[in-house]
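Participant: The structure is given below, and queries will be raised subsequently.
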Amino acid sequence: MRSRRKTLALTIDGQGRLVARAPLKMKEATIRDFIGEKASWIAEKQGQIAEDRKRHKPLSLADGKKALFLGQPYTIRRGGVMSIVLAGEVIRVPENETLTGFTNWLRIQAAAVIRRRVDHHAELMGLNYTSVRISEARQRWGSCGAKNTLNFAWHLVMCPPWVIDYVVVHELAHTVHRNHGPQFWALVAAVLPEHKEARRWLKINRYLLGYGAIGQDC
């Protein structure tokens, strides 16, 4: 794929396919050489994708199936309720509930949880943001726009609260540091000393995003 971008980037998509994104005038030989240089990285990431696909179990509303909510596995129980209800270690759903409806419910819960954590940490860090948007992103857990607009994948609601906090703090830190330099990580660590553990959790469980892509730039 060619565009007006300035750099060459390799991405492994959710199916394990290699996608090269290159500047319009970059020579084919340059692209092939870069792919050759990254052969071991490509093989490693394609292997990770293959393992993720083995582990990933599509969300199901069949009675007795499991669904993650705030990092905890809940058992789906159908019928006996008019709307979705959390009860102990069970999520009760109406008999006629659809997967789309359940996903919308998760998105609503995500919006409430994430906005509450953003407000908490923004005040704690003394930072300002413009808005919070809950998205359908499948390649990243969160992002910070040029005007300090914060975007978060609704899939975060399946993560433990301490992991959600890490993503929130990460994006808030980008309102003052637009890169991942030492000052950025120092700010994150000052708020969440366990941020490395959260990053590891997200890496291991990245399949929750729906097989998000893994990239390599040059």
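Labeling convention for the structure tokens: chains A, B, ... as they appear, residues from 1 per chain, ligands from 1 in order of appearance.
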For stretch 139-159 of chain A against stretch 68-83 of chain A, with a cut-off of 6 Å and counting only C-alpha atoms, what is the closest atom pair and its distance in Å to one decimal for every residue that makes the cut, ordered by chain and number, as a tab-separated table?
Facilitator:
residue	atom	partner	partner_atom	distance
A:Val157	CA	A:Leu70	CA	5.4
A:Met158	CA	A:Phe69	CA	4.4
A:Cys159	CA	A:Gly71	CA	4.4
Participant: Please return as an MDAnalysis selection string: the residues of chain A that backbone DSSP assigns to alpha helix (DSSP H).
Facilitator: chainID A and resid 28:37 39:55 99:125 161:173 182:191 195:204
Participant: Pull the strand (DSSP E or B) assignments for stretch 65-110 of chain A out of DSSP run on the backbone, and list those residues as a list in words.
Facilitator: Lys66, Ala67, Leu68, Phe69, Gln72, Pro73, Tyr74, Thr75, Ile76, Arg77, Arg78, Val85, Leu86, Ala87, Val90, Ile91, Arg92 and Val93 of chain A
Participant: Taking 5 positions as the minimum chain separation for residues in the same chain, which residues sit within 12 Å of A:Ala122 when counting only C-alpha atoms? Answer as a PDB file with all heavy atoms, in the first residue's frame.
Facilitator:
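The result, stored in result.pdb:
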ATOM      1  N   ILE A 114     -14.719   4.408  32.217  1.00  0.00           N
ATOM      2  CA  ILE A 114     -13.549   5.121  31.706  1.00  0.00           C
ATOM      3  C   ILE A 114     -13.643   6.616  31.977  1.00  0.00           C
ATOM      4  O   ILE A 114     -12.666   7.248  32.402  1.00  0.00           O
ATOM      5  CB  ILE A 114     -13.372   4.839  30.200  1.00  0.00           C
ATOM      6  CG1 ILE A 114     -12.988   3.367  29.991  1.00  0.00           C
ATOM      7  CG2 ILE A 114     -12.309   5.763  29.596  1.00  0.00           C
ATOM      8  CD1 ILE A 114     -13.024   2.912  28.549  1.00  0.00           C
ATOM      9  N   ARG A 115     -14.805   7.204  31.774  1.00  0.00           N
ATOM     10  CA  ARG A 115     -14.942   8.650  32.018  1.00  0.00           C
ATOM     11  C   ARG A 115     -14.717   8.968  33.504  1.00  0.00           C
ATOM     12  O   ARG A 115     -14.126   9.999  33.841  1.00  0.00           O
ATOM     13  CB  ARG A 115     -16.316   9.131  31.562  1.00  0.00           C
ATOM     14  CG  ARG A 115     -16.438   9.159  30.045  1.00  0.00           C
ATOM     15  CD  ARG A 115     -17.697   9.867  29.576  1.00  0.00           C
ATOM     16  NE  ARG A 115     -17.651  10.040  28.131  1.00  0.00           N
ATOM     17  CZ  ARG A 115     -18.427   9.418  27.263  1.00  0.00           C
ATOM     18  NH1 ARG A 115     -19.349   8.561  27.698  1.00  0.00           N
ATOM     19  NH2 ARG A 115     -18.320   9.621  25.965  1.00  0.00           N
ATOM     20  N   ARG A 116     -15.165   8.090  34.370  1.00  0.00           N
ATOM     21  CA  ARG A 116     -14.945   8.291  35.807  1.00  0.00           C
ATOM     22  C   ARG A 116     -13.457   8.225  36.136  1.00  0.00           C
ATOM     23  O   ARG A 116     -12.942   9.035  36.903  1.00  0.00           O
ATOM     24  CB  ARG A 116     -15.724   7.224  36.578  1.00  0.00           C
ATOM     25  CG  ARG A 116     -15.707   7.422  38.093  1.00  0.00           C
ATOM     26  CD  ARG A 116     -16.807   6.623  38.754  1.00  0.00           C
ATOM     27  NE  ARG A 116     -16.683   5.183  38.495  1.00  0.00           N
ATOM     28  CZ  ARG A 116     -17.558   4.475  37.792  1.00  0.00           C
ATOM     29  NH1 ARG A 116     -18.624   5.062  37.257  1.00  0.00           N
ATOM     30  NH2 ARG A 116     -17.390   3.175  37.620  1.00  0.00           N
ATOM     31  N   ARG A 117     -12.737   7.279  35.531  1.00  0.00           N
ATOM     32  CA  ARG A 117     -11.309   7.151  35.803  1.00  0.00           C
ATOM     33  C   ARG A 117     -10.510   8.285  35.165  1.00  0.00           C
ATOM     34  O   ARG A 117      -9.499   8.738  35.724  1.00  0.00           O
ATOM     35  CB  ARG A 117     -10.791   5.798  35.296  1.00  0.00           C
ATOM     36  CG  ARG A 117     -11.460   4.590  35.926  1.00  0.00           C
ATOM     37  CD  ARG A 117     -11.586   4.709  37.429  1.00  0.00           C
ATOM     38  NE  ARG A 117     -10.270   4.701  38.075  1.00  0.00           N
ATOM     39  CZ  ARG A 117     -10.069   5.102  39.320  1.00  0.00           C
ATOM     40  NH1 ARG A 117     -11.077   5.588  40.055  1.00  0.00           N
ATOM     41  NH2 ARG A 117      -8.861   5.052  39.852  1.00  0.00           N
ATOM     42  N   LEU A 127      -3.979  17.714  35.003  1.00  0.00           N
ATOM     43  CA  LEU A 127      -3.993  17.839  33.551  1.00  0.00           C
ATOM     44  C   LEU A 127      -5.406  18.077  33.035  1.00  0.00           C
ATOM     45  O   LEU A 127      -6.396  17.728  33.693  1.00  0.00           O
ATOM     46  CB  LEU A 127      -3.421  16.569  32.907  1.00  0.00           C
ATOM     47  CG  LEU A 127      -1.973  16.238  33.265  1.00  0.00           C
ATOM     48  CD1 LEU A 127      -1.563  14.904  32.653  1.00  0.00           C
ATOM     49  CD2 LEU A 127      -1.032  17.347  32.796  1.00  0.00           C
ATOM     50  N   ASN A 128      -5.480  18.661  31.840  1.00  0.00           N
ATOM     51  CA  ASN A 128      -6.773  18.927  31.211  1.00  0.00           C
ATOM     52  C   ASN A 128      -6.902  18.143  29.912  1.00  0.00           C
ATOM     53  O   ASN A 128      -5.908  17.875  29.229  1.00  0.00           O
ATOM     54  CB  ASN A 128      -6.922  20.426  30.909  1.00  0.00           C
ATOM     55  CG  ASN A 128      -6.932  21.264  32.178  1.00  0.00           C
ATOM     56  OD1 ASN A 128      -7.651  20.968  33.122  1.00  0.00           O
ATOM     57  ND2 ASN A 128      -6.113  22.305  32.202  1.00  0.00           N
ATOM     58  N   TYR A 129      -8.109  17.785  29.582  1.00  0.00           N
ATOM     59  CA  TYR A 129      -8.390  17.117  28.315  1.00  0.00           C
ATOM     60  C   TYR A 129      -9.635  17.758  27.707  1.00  0.00           C
ATOM     61  O   TYR A 129     -10.398  18.434  28.402  1.00  0.00           O
ATOM     62  CB  TYR A 129      -8.595  15.607  28.525  1.00  0.00           C
ATOM     63  CG  TYR A 129      -9.807  15.263  29.351  1.00  0.00           C
ATOM     64  CD1 TYR A 129     -11.031  15.000  28.751  1.00  0.00           C
ATOM     65  CD2 TYR A 129      -9.734  15.214  30.750  1.00  0.00           C
ATOM     66  CE1 TYR A 129     -12.153  14.698  29.505  1.00  0.00           C
ATOM     67  CE2 TYR A 129     -10.846  14.905  31.502  1.00  0.00           C
ATOM     68  CZ  TYR A 129     -12.051  14.642  30.885  1.00  0.00           C
ATOM     69  OH  TYR A 129     -13.162  14.349  31.631  1.00  0.00           O
ATOM     70  N   THR A 130      -9.826  17.533  26.422  1.00  0.00           N
ATOM     71  CA  THR A 130     -10.946  18.168  25.721  1.00  0.00           C
ATOM     72  C   THR A 130     -12.213  17.323  25.779  1.00  0.00           C
ATOM     73  O   THR A 130     -13.295  17.825  26.077  1.00  0.00           O
ATOM     74  CB  THR A 130     -10.579  18.428  24.242  1.00  0.00           C
ATOM     75  OG1 THR A 130      -9.394  19.222  24.189  1.00  0.00           O
ATOM     76  CG2 THR A 130     -11.717  19.158  23.523  1.00  0.00           C
ATOM     77  N   SER A 131     -12.073  16.041  25.491  1.00  0.00           N
ATOM     78  CA  SER A 131     -13.246  15.164  25.470  1.00  0.00           C
ATOM     79  C   SER A 131     -12.799  13.712  25.596  1.00  0.00           C
ATOM     80  O   SER A 131     -11.623  13.388  25.432  1.00  0.00           O
ATOM     81  CB  SER A 131     -14.042  15.360  24.173  1.00  0.00           C
ATOM     82  OG  SER A 131     -13.261  14.991  23.051  1.00  0.00           O
ATOM     83  N   VAL A 132     -13.761  12.852  25.887  1.00  0.00           N
ATOM     84  CA  VAL A 132     -13.517  11.408  25.954  1.00  0.00           C
ATOM     85  C   VAL A 132     -14.461  10.732  24.976  1.00  0.00           C
ATOM     86  O   VAL A 132     -15.668  10.966  25.006  1.00  0.00           O
ATOM     87  CB  VAL A 132     -13.751  10.851  27.367  1.00  0.00           C
ATOM     88  CG1 VAL A 132     -13.673   9.322  27.358  1.00  0.00           C
ATOM     89  CG2 VAL A 132     -12.740  11.424  28.348  1.00  0.00           C
ATOM     90  N   ASN A 148      -5.996  17.217  22.478  1.00  0.00           N
ATOM     91  CA  ASN A 148      -6.209  16.552  23.769  1.00  0.00           C
ATOM     92  C   ASN A 148      -7.563  15.856  23.868  1.00  0.00           C
ATOM     93  O   ASN A 148      -8.183  15.814  24.926  1.00  0.00           O
ATOM     94  CB  ASN A 148      -6.028  17.536  24.926  1.00  0.00           C
ATOM     95  CG  ASN A 148      -4.591  18.012  25.047  1.00  0.00           C
ATOM     96  OD1 ASN A 148      -3.678  17.394  24.500  1.00  0.00           O
ATOM     97  ND2 ASN A 148      -4.387  19.115  25.736  1.00  0.00           N
ATOM     98  N   LEU A 150      -9.345  12.423  24.015  1.00  0.00           N
ATOM     99  CA  LEU A 150      -8.945  11.094  24.450  1.00  0.00           C
ATOM    100  C   LEU A 150      -9.901  10.052  23.873  1.00  0.00           C
ATOM    101  O   LEU A 150     -11.128  10.199  23.965  1.00  0.00           O
ATOM    102  CB  LEU A 150      -8.938  11.007  25.976  1.00  0.00           C
ATOM    103  CG  LEU A 150      -8.090  12.065  26.701  1.00  0.00           C
ATOM    104  CD1 LEU A 150      -8.169  11.844  28.203  1.00  0.00           C
ATOM    105  CD2 LEU A 150      -6.640  12.030  26.226  1.00  0.00           C
ATOM    106  N   ASP A 165      -6.819   1.826  34.428  1.00  0.00           N
ATOM    107  CA  ASP A 165      -6.159   3.028  34.945  1.00  0.00           C
ATOM    108  C   ASP A 165      -4.866   3.306  34.201  1.00  0.00           C
ATOM    109  O   ASP A 165      -4.531   4.466  33.919  1.00  0.00           O
ATOM    110  CB  ASP A 165      -5.874   2.871  36.444  1.00  0.00           C
ATOM    111  CG  ASP A 165      -7.093   3.161  37.307  1.00  0.00           C
ATOM    112  OD1 ASP A 165      -8.125   3.602  36.761  1.00  0.00           O
ATOM    113  OD2 ASP A 165      -7.002   2.953  38.529  1.00  0.00           O
ATOM    114  N   VAL A 168      -5.657   4.881  30.849  1.00  0.00           N
ATOM    115  CA  VAL A 168      -6.125   6.252  31.077  1.00  0.00           C
ATOM    116  C   VAL A 168      -4.951   7.182  31.383  1.00  0.00           C
ATOM    117  O   VAL A 168      -4.817   8.263  30.789  1.00  0.00           O
ATOM    118  CB  VAL A 168      -7.146   6.280  32.232  1.00  0.00           C
ATOM    119  CG1 VAL A 168      -7.387   7.712  32.716  1.00  0.00           C
ATOM    120  CG2 VAL A 168      -8.465   5.641  31.800  1.00  0.00           C
ATOM    121  N   VAL A 169      -4.085   6.773  32.298  1.00  0.00           N
ATOM    122  CA  VAL A 169      -2.927   7.598  32.662  1.00  0.00           C
ATOM    123  C   VAL A 169      -1.990   7.766  31.468  1.00  0.00           C
ATOM    124  O   VAL A 169      -1.449   8.857  31.225  1.00  0.00           O
ATOM    125  CB  VAL A 169      -2.181   6.969  33.863  1.00  0.00           C
ATOM    126  CG1 VAL A 169      -0.835   7.658  34.090  1.00  0.00           C
ATOM    127  CG2 VAL A 169      -3.032   7.061  35.111  1.00  0.00           C
ATOM    128  N   HIS A 170      -1.802   6.701  30.703  1.00  0.00           N
ATOM    129  CA  HIS A 170      -0.956   6.744  29.501  1.00  0.00           C
ATOM    130  C   HIS A 170      -1.436   7.834  28.548  1.00  0.00           C
ATOM    131  O   HIS A 170      -0.629   8.660  28.077  1.00  0.00           O
ATOM    132  CB  HIS A 170      -0.995   5.382  28.820  1.00  0.00           C
ATOM    133  CG  HIS A 170      -0.098   5.251  27.637  1.00  0.00           C
ATOM    134  ND1 HIS A 170       0.989   4.403  27.616  1.00  0.00           N
ATOM    135  CD2 HIS A 170      -0.117   5.849  26.414  1.00  0.00           C
ATOM    136  CE1 HIS A 170       1.596   4.498  26.441  1.00  0.00           C
ATOM    137  NE2 HIS A 170       0.938   5.359  25.690  1.00  0.00           N
ATOM    138  N   GLU A 171      -2.728   7.848  28.261  1.00  0.00           N
ATOM    139  CA  GLU A 171      -3.249   8.835  27.305  1.00  0.00           C
ATOM    140  C   GLU A 171      -3.262  10.241  27.892  1.00  0.00           C
ATOM    141  O   GLU A 171      -3.009  11.217  27.186  1.00  0.00           O
ATOM    142  CB  GLU A 171      -4.639   8.427  26.828  1.00  0.00           C
ATOM    143  CG  GLU A 171      -4.699   7.062  26.150  1.00  0.00           C
ATOM    144  CD  GLU A 171      -3.615   6.848  25.102  1.00  0.00           C
ATOM    145  OE1 GLU A 171      -3.160   7.824  24.480  1.00  0.00           O
ATOM    146  OE2 GLU A 171      -3.216   5.680  24.912  1.00  0.00           O
ATOM    147  N   LEU A 172      -3.535  10.381  29.172  1.00  0.00           N
ATOM    148  CA  LEU A 172      -3.471  11.702  29.799  1.00  0.00           C
ATOM    149  C   LEU A 172      -2.042  12.240  29.755  1.00  0.00           C
ATOM    150  O   LEU A 172      -1.830  13.441  29.534  1.00  0.00           O
ATOM    151  CB  LEU A 172      -3.956  11.625  31.249  1.00  0.00           C
ATOM    152  CG  LEU A 172      -5.474  11.612  31.461  1.00  0.00           C
ATOM    153  CD1 LEU A 172      -5.790  11.275  32.905  1.00  0.00           C
ATOM    154  CD2 LEU A 172      -6.084  12.970  31.088  1.00  0.00           C
ATOM    155  N   ALA A 173      -1.059  11.364  29.941  1.00  0.00           N
ATOM    156  CA  ALA A 173       0.339  11.804  29.892  1.00  0.00           C
ATOM    157  C   ALA A 173       0.698  12.336  28.512  1.00  0.00           C
ATOM    158  O   ALA A 173       1.564  13.216  28.369  1.00  0.00           O
ATOM    159  CB  ALA A 173       1.261  10.644  30.273  1.00  0.00           C
ATOM    160  N   HIS A 174       0.016  11.834  27.487  1.00  0.00           N
ATOM    161  CA  HIS A 174       0.280  12.325  26.127  1.00  0.00           C
ATOM    162  C   HIS A 174      -0.241  13.744  25.906  1.00  0.00           C
ATOM    163  O   HIS A 174       0.115  14.368  24.899  1.00  0.00           O
ATOM    164  CB  HIS A 174      -0.352  11.390  25.103  1.00  0.00           C
ATOM    165  CG  HIS A 174       0.499  10.207  24.758  1.00  0.00           C
ATOM    166  ND1 HIS A 174       1.853  10.308  24.494  1.00  0.00           N
ATOM    167  CD2 HIS A 174       0.187   8.880  24.637  1.00  0.00           C
ATOM    168  CE1 HIS A 174       2.331   9.108  24.227  1.00  0.00           C
ATOM    169  NE2 HIS A 174       1.363   8.221  24.311  1.00  0.00           N
ATOM    170  N   THR A 175      -1.054  14.257  26.806  1.00  0.00           N
ATOM    171  CA  THR A 175      -1.496  15.646  26.644  1.00  0.00           C
ATOM    172  C   THR A 175      -0.354  16.623  26.902  1.00  0.00           C
ATOM    173  O   THR A 175      -0.419  17.786  26.484  1.00  0.00           O
ATOM    174  CB  THR A 175      -2.677  15.986  27.580  1.00  0.00           C
ATOM    175  OG1 THR A 175      -2.255  15.915  28.956  1.00  0.00           O
ATOM    176  CG2 THR A 175      -3.845  15.035  27.355  1.00  0.00           C
ATOM    177  N   VAL A 176       0.706  16.159  27.566  1.00  0.00           N
ATOM    178  CA  VAL A 176       1.871  17.030  27.808  1.00  0.00           C
ATOM    179  C   VAL A 176       3.142  16.497  27.152  1.00  0.00           C
ATOM    180  O   VAL A 176       4.073  17.263  26.876  1.00  0.00           O
ATOM    181  CB  VAL A 176       2.118  17.238  29.320  1.00  0.00           C
ATOM    182  CG1 VAL A 176       1.062  18.145  29.903  1.00  0.00           C
ATOM    183  CG2 VAL A 176       2.173  15.915  30.070  1.00  0.00           C
ATOM    184  N   VAL A 191       2.582   8.167  38.669  1.00  0.00           N
ATOM    185  CA  VAL A 191       1.178   7.924  39.016  1.00  0.00           C
ATOM    186  C   VAL A 191       0.918   6.438  39.233  1.00  0.00           C
ATOM    187  O   VAL A 191       0.207   6.043  40.163  1.00  0.00           O
ATOM    188  CB  VAL A 191       0.244   8.462  37.906  1.00  0.00           C
ATOM    189  CG1 VAL A 191      -1.218   8.259  38.302  1.00  0.00           C
ATOM    190  CG2 VAL A 191       0.529   9.926  37.628  1.00  0.00           C
TER     191      VAL A 191
END
Participant: Restricting the calculation to only C-alpha atoms: of A:Met26, A:Leu18, A:Ala62, A:Ala67, which residue gets closest to A:Ala39?
Facilitator: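 For A:Ala39, the nearest of the candidates is A:Leu18.
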Participant: Taking only C-alpha atoms into account, which of A:Ala111, A:Pro193, A:His180, A:Arg2 comes nearest A:Ala153?
Facilitator: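 Smallest distance to A:Ala153 is found for A:Ala111.
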Participant: From the list A:Pro161, A:Asp33, A:Glu51, A:Gly126, which residue is nearest A:Ile204 when using only C-alpha atoms?
Facilitator: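 That would be A:Glu51, the residue with the smallest distance to A:Ile204.
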